[in-house]
Every structure is written in C-alpha cells, then in structure tokens.
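Structure file model-v8.cif; described as mmCIF, N, CA and C atoms.
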```cif
data_structure
loop_
_atom_site.group_PDB
_atom_site.id
_atom_site.type_symbol
_atom_site.label_atom_id
_atom_site.label_comp_id
_atom_site.auth_asym_id
_atom_site.auth_seq_id
_atom_site.Cartn_x
_atom_site.Cartn_y
_atom_site.Cartn_z
ATOM 1 N N MET Q 1 0.838 -1.182 0.000
ATOM 2 C CA MET Q 1 0.000 0.000 0.000
ATOM 3 C C MET Q 1 0.880 1.242 0.000
ATOM 4 N N ASP Q 2 0.532 2.166 -0.821
ATOM 5 C CA ASP Q 2 1.331 3.376 -0.970
ATOM 6 C C ASP Q 2 0.808 4.507 -0.082
ATOM 7 N N ASN Q 3 0.621 4.220 1.184
ATOM 8 C CA ASN Q 3 0.155 5.214 2.159
ATOM 9 C C ASN Q 3 -1.207 5.803 1.824
ATOM 10 N N ASP Q 4 -2.046 5.049 1.144
ATOM 11 C CA ASP Q 4 -3.407 5.491 0.832
ATOM 12 C C ASP Q 4 -4.300 5.110 2.014
ATOM 13 N N PRO Q 5 -4.822 6.095 2.749
ATOM 14 C CA PRO Q 5 -5.626 5.793 3.937
ATOM 15 C C PRO Q 5 -6.851 4.929 3.641
ATOM 16 N N MET Q 6 -7.497 5.147 2.511
ATOM 17 C CA MET Q 6 -8.688 4.362 2.172
ATOM 18 C C MET Q 6 -8.318 2.900 1.933
ATOM 19 N N GLN Q 7 -7.227 2.664 1.233
ATOM 20 C CA GLN Q 7 -6.786 1.283 1.010
ATOM 21 C C GLN Q 7 -6.425 0.607 2.327
ATOM 22 N N ALA Q 8 -5.768 1.348 3.210
ATOM 23 C CA ALA Q 8 -5.400 0.790 4.516
ATOM 24 C C ALA Q 8 -6.650 0.442 5.317
ATOM 25 N N GLU Q 9 -7.650 1.318 5.271
ATOM 26 C CA GLU Q 9 -8.900 1.065 5.995
ATOM 27 C C GLU Q 9 -9.611 -0.167 5.437
ATOM 28 N N LEU Q 10 -9.686 -0.266 4.122
ATOM 29 C CA LEU Q 10 -10.343 -1.424 3.506
ATOM 30 C C LEU Q 10 -9.590 -2.718 3.793
ATOM 31 N N ALA Q 11 -8.259 -2.665 3.756
ATOM 32 C CA ALA Q 11 -7.459 -3.855 4.052
ATOM 33 C C ALA Q 11 -7.702 -4.308 5.493
ATOM 34 N N HIS Q 12 -7.766 -3.359 6.416
ATOM 35 C CA HIS Q 12 -8.046 -3.701 7.818
ATOM 36 C C HIS Q 12 -9.442 -4.313 7.944
ATOM 37 N N PHE Q 13 -10.421 -3.716 7.267
ATOM 38 C CA PHE Q 13 -11.793 -4.223 7.301
ATOM 39 C C PHE Q 13 -11.845 -5.674 6.823
ATOM 40 N N ILE Q 14 -11.150 -5.969 5.752
ATOM 41 C CA ILE Q 14 -11.115 -7.339 5.227
ATOM 42 C C ILE Q 14 -10.480 -8.278 6.251
ATOM 43 N N ARG Q 15 -9.390 -7.848 6.874
ATOM 44 C CA ARG Q 15 -8.740 -8.698 7.888
ATOM 45 C C ARG Q 15 -9.656 -8.937 9.087
ATOM 46 N N VAL Q 16 -10.465 -7.940 9.441
ATOM 47 C CA VAL Q 16 -11.434 -8.116 10.533
ATOM 48 C C VAL Q 16 -12.476 -9.150 10.133
ATOM 49 N N ILE Q 17 -13.026 -9.015 8.937
ATOM 50 C CA ILE Q 17 -14.034 -9.964 8.455
ATOM 51 C C ILE Q 17 -13.478 -11.380 8.413
ATOM 52 N N GLU Q 18 -12.227 -11.513 8.016
ATOM 53 C CA GLU Q 18 -11.596 -12.831 7.928
ATOM 54 C C GLU Q 18 -11.140 -13.352 9.293
ATOM 55 N N GLY Q 19 -11.352 -12.571 10.354
ATOM 56 C CA GLY Q 19 -11.002 -13.005 11.700
ATOM 57 C C GLY Q 19 -9.538 -12.864 12.046
ATOM 58 N N GLU Q 20 -8.789 -12.130 11.247
ATOM 59 C CA GLU Q 20 -7.356 -11.967 11.484
ATOM 60 C C GLU Q 20 -7.039 -10.815 12.436
ATOM 61 N N GLU Q 21 -7.948 -9.849 12.553
ATOM 62 C CA GLU Q 21 -7.730 -8.689 13.419
ATOM 63 C C GLU Q 21 -9.029 -8.341 14.124
ATOM 64 N N GLU Q 22 -8.904 -7.536 15.174
ATOM 65 C CA GLU Q 22 -10.064 -7.016 15.891
ATOM 66 C C GLU Q 22 -10.400 -5.630 15.339
ATOM 67 N N PRO Q 23 -11.677 -5.247 15.367
ATOM 68 C CA PRO Q 23 -12.043 -3.893 14.930
ATOM 69 C C PRO Q 23 -11.366 -2.843 15.816
ATOM 70 N N LEU Q 24 -11.092 -1.679 15.229
ATOM 71 C CA LEU Q 24 -10.462 -0.594 15.987
ATOM 72 C C LEU Q 24 -11.446 0.081 16.929
ATOM 73 N N VAL Q 25 -12.740 0.033 16.596
ATOM 74 C CA VAL Q 25 -13.782 0.604 17.455
ATOM 75 C C VAL Q 25 -14.897 -0.422 17.611
ATOM 76 N N THR Q 26 -15.679 -0.266 18.663
ATOM 77 C CA THR Q 26 -16.800 -1.179 18.889
ATOM 78 C C THR Q 26 -18.009 -0.741 18.066
ATOM 79 N N GLY Q 27 -18.977 -1.601 17.956
ATOM 80 C CA GLY Q 27 -20.228 -1.247 17.299
ATOM 81 C C GLY Q 27 -20.912 -0.092 18.010
ATOM 82 N N GLU Q 28 -20.832 -0.077 19.332
ATOM 83 C CA GLU Q 28 -21.419 1.012 20.128
ATOM 84 C C GLU Q 28 -20.759 2.348 19.788
ATOM 85 N N GLU Q 29 -19.438 2.355 19.693
ATOM 86 C CA GLU Q 29 -18.729 3.589 19.332
ATOM 87 C C GLU Q 29 -19.111 4.051 17.925
ATOM 88 N N GLY Q 30 -19.246 3.105 17.018
ATOM 89 C CA GLY Q 30 -19.660 3.443 15.660
ATOM 90 C C GLY Q 30 -21.052 4.048 15.634
ATOM 91 N N MET Q 31 -21.966 3.481 16.414
ATOM 92 C CA MET Q 31 -23.336 3.994 16.470
ATOM 93 C C MET Q 31 -23.366 5.406 17.056
ATOM 94 N N GLN Q 32 -22.591 5.644 18.104
ATOM 95 C CA GLN Q 32 -22.529 6.982 18.698
ATOM 96 C C GLN Q 32 -21.993 8.003 17.688
ATOM 97 N N THR Q 33 -20.998 7.609 16.919
ATOM 98 C CA THR Q 33 -20.449 8.498 15.893
ATOM 99 C C THR Q 33 -21.504 8.834 14.853
ATOM 100 N N LEU Q 34 -22.270 7.833 14.422
ATOM 101 C CA LEU Q 34 -23.333 8.082 13.445
ATOM 102 C C LEU Q 34 -24.383 9.034 13.996
ATOM 103 N N LYS Q 35 -24.736 8.880 15.269
ATOM 104 C CA LYS Q 35 -25.718 9.783 15.883
ATOM 105 C C LYS Q 35 -25.213 11.224 15.878
ATOM 106 N N VAL Q 36 -23.941 11.404 16.182
ATOM 107 C CA VAL Q 36 -23.359 12.752 16.177
ATOM 108 C C VAL Q 36 -23.368 13.328 14.762
ATOM 109 N N LEU Q 37 -22.964 12.527 13.785
ATOM 110 C CA LEU Q 37 -22.941 13.003 12.396
ATOM 111 C C LEU Q 37 -24.336 13.362 11.898
ATOM 112 N N GLU Q 38 -25.328 12.545 12.241
ATOM 113 C CA GLU Q 38 -26.706 12.852 11.842
ATOM 114 C C GLU Q 38 -27.192 14.134 12.508
ATOM 115 N N ALA Q 39 -26.825 14.337 13.767
ATOM 116 C CA ALA Q 39 -27.218 15.559 14.470
ATOM 117 C C ALA Q 39 -26.566 16.783 13.827
ATOM 118 N N ILE Q 40 -25.324 16.654 13.414
ATOM 119 C CA ILE Q 40 -24.639 17.754 12.730
ATOM 120 C C ILE Q 40 -25.354 18.090 11.431
ATOM 121 N N GLN Q 41 -25.683 17.061 10.644
ATOM 122 C CA GLN Q 41 -26.389 17.293 9.377
ATOM 123 C C GLN Q 41 -27.730 17.978 9.612
ATOM 124 N N THR Q 42 -28.478 17.513 10.591
ATOM 125 C CA THR Q 42 -29.778 18.113 10.901
ATOM 126 C C THR Q 42 -29.600 19.559 11.340
ATOM 127 N N SER Q 43 -28.617 19.808 12.181
ATOM 128 C CA SER Q 43 -28.361 21.157 12.674
ATOM 129 C C SER Q 43 -28.039 22.119 11.533
ATOM 130 N N VAL Q 44 -27.197 21.681 10.623
ATOM 131 C CA VAL Q 44 -26.827 22.532 9.486
ATOM 132 C C VAL Q 44 -28.026 22.762 8.577
ATOM 133 N N LYS Q 45 -28.746 21.695 8.274
ATOM 134 C CA LYS Q 45 -29.891 21.787 7.362
ATOM 135 C C LYS Q 45 -30.997 22.674 7.927
ATOM 136 N N GLU Q 46 -31.293 22.499 9.208
ATOM 137 C CA GLU Q 46 -32.414 23.212 9.829
ATOM 138 C C GLU Q 46 -31.984 24.472 10.578
ATOM 139 N N LYS Q 47 -30.685 24.741 10.589
ATOM 140 C CA LYS Q 47 -30.129 25.937 11.252
ATOM 141 C C LYS Q 47 -30.612 26.067 12.692
ATOM 142 N N ARG Q 48 -30.461 24.958 13.424
ATOM 143 C CA ARG Q 48 -30.862 24.962 14.825
ATOM 144 C C ARG Q 48 -29.968 24.015 15.616
ATOM 145 N N ARG Q 49 -29.988 24.178 16.919
ATOM 146 C CA ARG Q 49 -29.240 23.300 17.807
ATOM 147 C C ARG Q 49 -29.972 21.971 17.907
ATOM 148 N N VAL Q 50 -29.223 20.888 17.883
ATOM 149 C CA VAL Q 50 -29.799 19.552 18.012
ATOM 150 C C VAL Q 50 -29.215 18.903 19.261
ATOM 151 N N VAL Q 51 -30.081 18.468 20.139
ATOM 152 C CA VAL Q 51 -29.646 17.797 21.364
ATOM 153 C C VAL Q 51 -29.494 16.311 21.073
ATOM 154 N N ILE Q 52 -28.381 15.773 21.503
ATOM 155 C CA ILE Q 52 -28.121 14.343 21.282
ATOM 156 C C ILE Q 52 -28.368 13.595 22.575
#
```
As structure tokens, the full file:
Amino acid sequence: MDNDPMQAELAHFIRVIEGEEEPLVTGEEGMQTLKVLEAIQTSVKEKRRVVI
C-alpha cells in the first residue's frame, strides 16, 4: 500500500471480516459516531441546535 488511507482502511476491514484482526472501534462507538454526524447534518440543514 502506498500510504493510501482508504486502502489501509479497507485492508483492515477485510482482515477483521476474515477473523485476522479485531475492529479498531466497537459497534457502540460506531453507532454513537453516526448519531453525532446525523445531528450535525440536521443542525446545518435546519439551522438549529440539536440535542443528542
């Protein structure tokens, strides 16, 4: 890999699926991140504060 972050991420993902490595974050952490990102999108779109 030529220092391409996306390729490195995909390679890690494949190794996780194949059982060779553990995920870097838990499913819970991933879900919390998605909630924050959705709140940011809503806040920008609706021009208001969003409570998480």
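Atom CA of Q:Thr33 sits 19.2 Å away from atom CA of Q:Pro5.
Counting from atom N of Q:Leu24, the distance to atom C of Q:His12 is 7.9 Å.
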Checklist entry - Just asking: which residues within chain Q are helix (DSSP H, G or I) according to DSSP, as an MDAnalysis selection string? => result chainID Q and resid 5:17 27:46
Next on the checklist: For a test of reading the model, state the distance in Å between atom CA of Q:Asn3 and atom N of Q:Gly30, rounded to one decimal.
Outcome noted: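 Interatomic distance, atom CA of Q:Asn3 to atom N of Q:Gly30: 24.5 Å.
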Checklist entry - Which one of Q:Met6, Q:Val50, Q:Val25, Q:Ile14 sits closest to Q:Leu37 if you count only C-alpha atoms? => result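 Closest residue, counting only C-alpha atoms: Q:Val50.
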Draw an axis-aligned box tight on the listed atoms of stretch 46-52 of chain Q, then pad every side by 3 Å and write out centre and edge lengths in Å to one decimal as AutoDock Vina command-line options.
```
--center_x -30.3 --center_y 19.8 --center_z 15.9 --size_x 10.3 --size_y 18.5 --size_z 19.4
```
Checklist entry - Smallest atom-to-atom distance to Q:Ala39: which of Q:Gly27, Q:Ile52, Q:Glu20, Q:Glu9, using all atoms listed in the file? => result Q:Ile52
Checklist entry - Is there a way to get, as a PyMOL selection string, all residues within 6 Å of the point (-25.9, 13.6, 21.0) in file coordinates, counting only N, CA and C atoms? => result chain Q and resi 35-36+51-52
